[in-house]
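Here's the structure we're looking at; comments come further down.
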2 protein chains.
Amino acid sequence: MPAASSRMTPPQATVSEAPDLRADARLNRGRILEAARTLFATRGLNVPMAAVARHAGVGVATLYRRFPTRESLITTVFADQFAVCAGTIDDALAGPDPWEGFCSVIEKVCAMNVIDRGFTAAFLTEFPDATEFEAARIRAEEGFAVLTQRAKDAGRLRSDFDRMDLSLAFMANSGITAASTDAALAASRRLVAFLLHSFRADLADPTRPLPPPAPLSLYHLPWPTDDLTAAPAPRRDSRT
Amino acid sequence: MPAASSRMTPPQATVSEAPDLRADARLNRGRILEAARTLFATRGLNVPMAAVARHAGVGVATLYRRFPTRESLITTVFADQFAVCAGTIDDALAGPDPWEGFCSVIEKVCAMNVIDRGFTAAFLTEFPDATEFEAARIRAEEGFAVLTQRAKDAGRLRSDFDRMDLSLAFMANSGITAASTDAALAASRRLVAFLLHSFRADLADPTRPLPPPAPLSLYHLPWPTDDLTAAPAPRRDSRT
């Protein structure tokens, strides 16, 4: 059950259920998390729930018994990464140089998303039912907002940087696809370098103002919900 | 130069099959293309072939009879957009200012991809069997390479811009998700503005060299192939 052996201390909302489960249920839960982690990493968050069940070798009903909502599956899978992200923001806030801290958060989170694909999408998604995850996310956002303001006040970050531009950077980074993780990391580093370059206050060009910030709201899990209807296995089975 | 004509007439590789089809086969083909266009736009190129068949209201066997490979479906769906893209590059090459031309290509292609999601992924994908599409893509790439060199020679584009950075920009743009097409277009415009800002030669900072260009190869259709095992429709078709 290597999936459940959480690397650090993740938010406990769903994880804390595990000890109450029977051995076979724990095994299924571990398989589901492992499959979800693999599929999120290779195919992104929009992988059908039915595919997660299939790769875990469990029935769709079992998947939904363990993780009644897609939210609960996603927040459990990314709990560790989320803790690392929150720690990076705390470190940056404690550091002496807000611009270096600002850059380090974007660099680390973008690199993390290349390795654990889907993480920034999870970070940018609202999970109304996952209250602990939500609270931690809001705290991270507030911490980053403080960091942003300090970097602007220090004259390092351009004044027209908008909080939506963080989402934009994460989204842009999540678009990277490459043949290997190393190639994707290299691409991510270069993209982030271009973006941080363009965020610098000393290079801003007042004669060419940016288009207005995009009204990016948090994701609301716009992923396909028809994956279950797409695999009507019981009905088909009954015909053959 | 076949610039204008290529804009009007899409590559004919697959399209030319249509007149030979019977009326019902043509109807199915139209439905498949419409469904694929819609699903690529909303869910990207990695939508399962089985989902395309389902949304088109045809069997998977019918889908594969019309479009034996995923390549053939993708290249047919994006033939028009591809012609527009090639035309934009031709216009840029014919224009007086290579930097403005360079910017206009990136701006237009990125906007186009927001509306016809999956287009830049198709553009960055190698389709060994779709020879006309391949030839047109290579021609577009060569045209853009000429434009890039002219923009560098004019001292407007930073000298360390690499041809891989075009792929990087397209990938980054394709990561944008928003609640509406308008919001996504606004986000795309802002991202592209940041990127073009960072590509400017006059703002390059020799004291902070970029990380090396990422070795981004063309996509090789890394999309899931398990969607067919999930829906063993050919067998079903032959029985009904």
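Here, A, B, ... name the chains of the structure tokens in the order displayed, residue numbers run from 1 inside each chain, and ligands are numbered from 1 in the same displayed order.
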Kindly assemble as JSON lines a list of the chain B residues that lie within 6 Å of chain A, each paired with its nearest atom pair and their distance in Å to one decimal, using only C-alpha atoms, sorted first by chain and then by ascending residue number.
{"residue": "B:Met171", "atom": "CA", "partner": "A:Gly175", "partner_atom": "CA", "distance": 5.0}
{"residue": "B:Ala172", "atom": "CA", "partner": "A:Ala172", "partner_atom": "CA", "distance": 3.9}
{"residue": "B:Asn173", "atom": "CA", "partner": "A:Ala172", "partner_atom": "CA", "distance": 5.8}
{"residue": "B:Ser174", "atom": "CA", "partner": "A:Gly175", "partner_atom": "CA", "distance": 5.5}
{"residue": "B:Gly175", "atom": "CA", "partner": "A:Gly175", "partner_atom": "CA", "distance": 3.8}
{"residue": "B:Ile176", "atom": "CA", "partner": "A:Met171", "partner_atom": "CA", "distance": 5.3}
{"residue": "B:Ala178", "atom": "CA", "partner": "A:Leu216", "partner_atom": "CA", "distance": 6.0}
{"residue": "B:Ala183", "atom": "CA", "partner": "A:Pro215", "partner_atom": "CA", "distance": 5.9}
{"residue": "B:Ala186", "atom": "CA", "partner": "A:Ala214", "partner_atom": "CA", "distance": 5.1}
{"residue": "B:Ala187", "atom": "CA", "partner": "A:Ala214", "partner_atom": "CA", "distance": 4.6}
{"residue": "B:Arg190", "atom": "CA", "partner": "A:Pro211", "partner_atom": "CA", "distance": 5.4}
{"residue": "B:Phe194", "atom": "CA", "partner": "A:Ser198", "partner_atom": "CA", "distance": 5.6}
{"residue": "B:Ser198", "atom": "CA", "partner": "A:Ser198", "partner_atom": "CA", "distance": 5.0}
{"residue": "B:Pro211", "atom": "CA", "partner": "A:Arg190", "partner_atom": "CA", "distance": 5.4}
{"residue": "B:Ala214", "atom": "CA", "partner": "A:Ala187", "partner_atom": "CA", "distance": 4.6}
{"residue": "B:Pro215", "atom": "CA", "partner": "A:Ala183", "partner_atom": "CA", "distance": 5.9}
{"residue": "B:Leu216", "atom": "CA", "partner": "A:Ala178", "partner_atom": "CA", "distance": 5.9}
Expected file: the selected residues, C-alpha atoms, as a short mmCIF file (atom, residue, chain, number, x, y, z; two decimals), in the first residue's frame:
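Written out: result11.cif:
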data_model
loop_
_atom_site.label_atom_id
_atom_site.label_comp_id
_atom_site.auth_asym_id
_atom_site.auth_seq_id
_atom_site.Cartn_x
_atom_site.Cartn_y
_atom_site.Cartn_z
CA MET B 171 1.77 24.80 -25.26
CA ALA B 172 1.54 27.48 -22.59
CA ASN B 173 -1.40 29.05 -24.34
CA SER B 174 -3.13 25.72 -24.64
CA GLY B 175 -3.04 25.37 -20.85
CA ILE B 176 -5.54 28.21 -20.42
CA ALA B 178 -11.68 29.72 -18.31
CA ALA B 183 -12.44 35.03 -20.58
CA ALA B 186 -8.61 37.68 -22.53
CA ALA B 187 -6.29 35.34 -20.63
CA ARG B 190 -2.47 38.73 -21.59
CA PHE B 194 3.80 38.76 -21.36
CA SER B 198 9.92 38.68 -22.74
CA PRO B 211 17.82 28.32 -19.00
CA ALA B 214 13.82 22.68 -23.87
CA PRO B 215 14.23 19.72 -26.22
CA LEU B 216 10.58 19.68 -27.20
#
Counting only C-alpha atoms, which residues in stretch 15-53 of chain A sit no more than 8 Å from stretch 70-88 of chain A? For each one, give the nearest pair of atoms and the distance in Å, sorted by chain then residue number, as JSON lines.
{"residue": "A:Val15", "atom": "CA", "partner": "A:Thr76", "partner_atom": "CA", "distance": 6.7}
{"residue": "A:Leu33", "atom": "CA", "partner": "A:Val77", "partner_atom": "CA", "distance": 6.2}
{"residue": "A:Ala36", "atom": "CA", "partner": "A:Val77", "partner_atom": "CA", "distance": 7.2}
{"residue": "A:Arg37", "atom": "CA", "partner": "A:Val77", "partner_atom": "CA", "distance": 6.2}
{"residue": "A:Leu45", "atom": "CA", "partner": "A:Ile74", "partner_atom": "CA", "distance": 7.8}
{"residue": "A:Met49", "atom": "CA", "partner": "A:Arg70", "partner_atom": "CA", "distance": 7.7}
If I take atom CA of A:Asp153 and atom CA of A:Phe102, how far is one from the other in Å, to one decimal?
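Atom-to-atom, atom CA of A:Asp153 to atom CA of A:Phe102, that is 12.6 Å.
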Set the distance at 12 Å and use only C-alpha atoms: which residues neighbour stretch 145-150 of chain B once local chain neighbours fewer than 5 positions away are removed? I'd like the list as a ChimeraX atom specification.
/B:88-106,138-140,155-166,199
Can you pull out every residue within 7 Å of A:Arg117, counting only C-alpha atoms, but drop anything in the same chain fewer than 4 positions away, and send it as a VMD selection string?
chain A and resid 40 to 42 44 113
For the residues in that selection, give me C-alpha atoms as a tab-separated table (two decimals), in the first residue's frame.
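selection_34.tsv was written with the following content:
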chain	number	residue	atom	x	y	z
A	40	PHE	CA	-3.43	12.42	-12.93
A	41	ALA	CA	0.33	12.53	-13.55
A	42	THR	CA	0.14	11.16	-17.06
A	44	GLY	CA	-4.25	15.23	-16.01
A	113	ASN	CA	3.22	20.41	-11.33
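Atom CA of B:Glu126 is found 15.1 Å from atom CA of B:Glu142.
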Expressed in Å to a single decimal, how great is the separation between atom CA of A:Gly59 and atom CA of B:Gly59?
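We find that atom CA of A:Gly59 and atom CA of B:Gly59 lie 25.5 Å from each other.
Here the residues within stretch 37-239 of chain A that DSSP labels strand (DSSP E or B) on the basis of the backbone are Thr125, Leu157, Arg200 and Tyr219 of chain A.
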Could you turn the residues from that selection into a file that holds all heavy atoms, as a compact mmCIF listing (two decimals), in the first residue's frame?
# COMPACT_ATOMS: atom_id res chain seq x y z
N THR A 125 -8.59 24.97 -8.22
CA THR A 125 -9.96 24.51 -8.24
C THR A 125 -10.63 24.73 -6.88
O THR A 125 -9.98 24.59 -5.84
CB THR A 125 -10.00 23.01 -8.59
OG1 THR A 125 -9.41 22.83 -9.87
CG2 THR A 125 -11.42 22.47 -8.62
N LEU A 157 8.66 43.85 -8.59
CA LEU A 157 7.56 43.26 -9.37
C LEU A 157 6.76 44.39 -10.00
O LEU A 157 6.43 45.38 -9.33
CB LEU A 157 6.67 42.43 -8.44
CG LEU A 157 5.39 41.84 -9.03
CD1 LEU A 157 5.70 40.84 -10.15
CD2 LEU A 157 4.56 41.15 -7.93
N ARG A 200 9.15 41.58 -14.32
CA ARG A 200 10.08 42.49 -13.64
C ARG A 200 9.66 43.96 -13.82
O ARG A 200 9.37 44.41 -14.93
CB ARG A 200 11.50 42.30 -14.20
CG ARG A 200 12.22 41.11 -13.59
CD ARG A 200 13.51 40.79 -14.30
NE ARG A 200 14.44 41.93 -14.37
CZ ARG A 200 15.67 41.82 -14.85
NH1 ARG A 200 16.13 40.64 -15.29
NH2 ARG A 200 16.46 42.87 -14.89
N TYR A 219 -11.34 27.22 -11.03
CA TYR A 219 -12.01 26.13 -11.73
C TYR A 219 -13.21 25.67 -10.92
O TYR A 219 -13.21 25.72 -9.71
CB TYR A 219 -11.07 24.92 -11.87
CG TYR A 219 -9.92 25.09 -12.82
CD1 TYR A 219 -8.67 24.59 -12.49
CD2 TYR A 219 -10.08 25.71 -14.04
CE1 TYR A 219 -7.60 24.71 -13.35
CE2 TYR A 219 -9.01 25.84 -14.91
CZ TYR A 219 -7.77 25.33 -14.55
OH TYR A 219 -6.70 25.45 -15.40
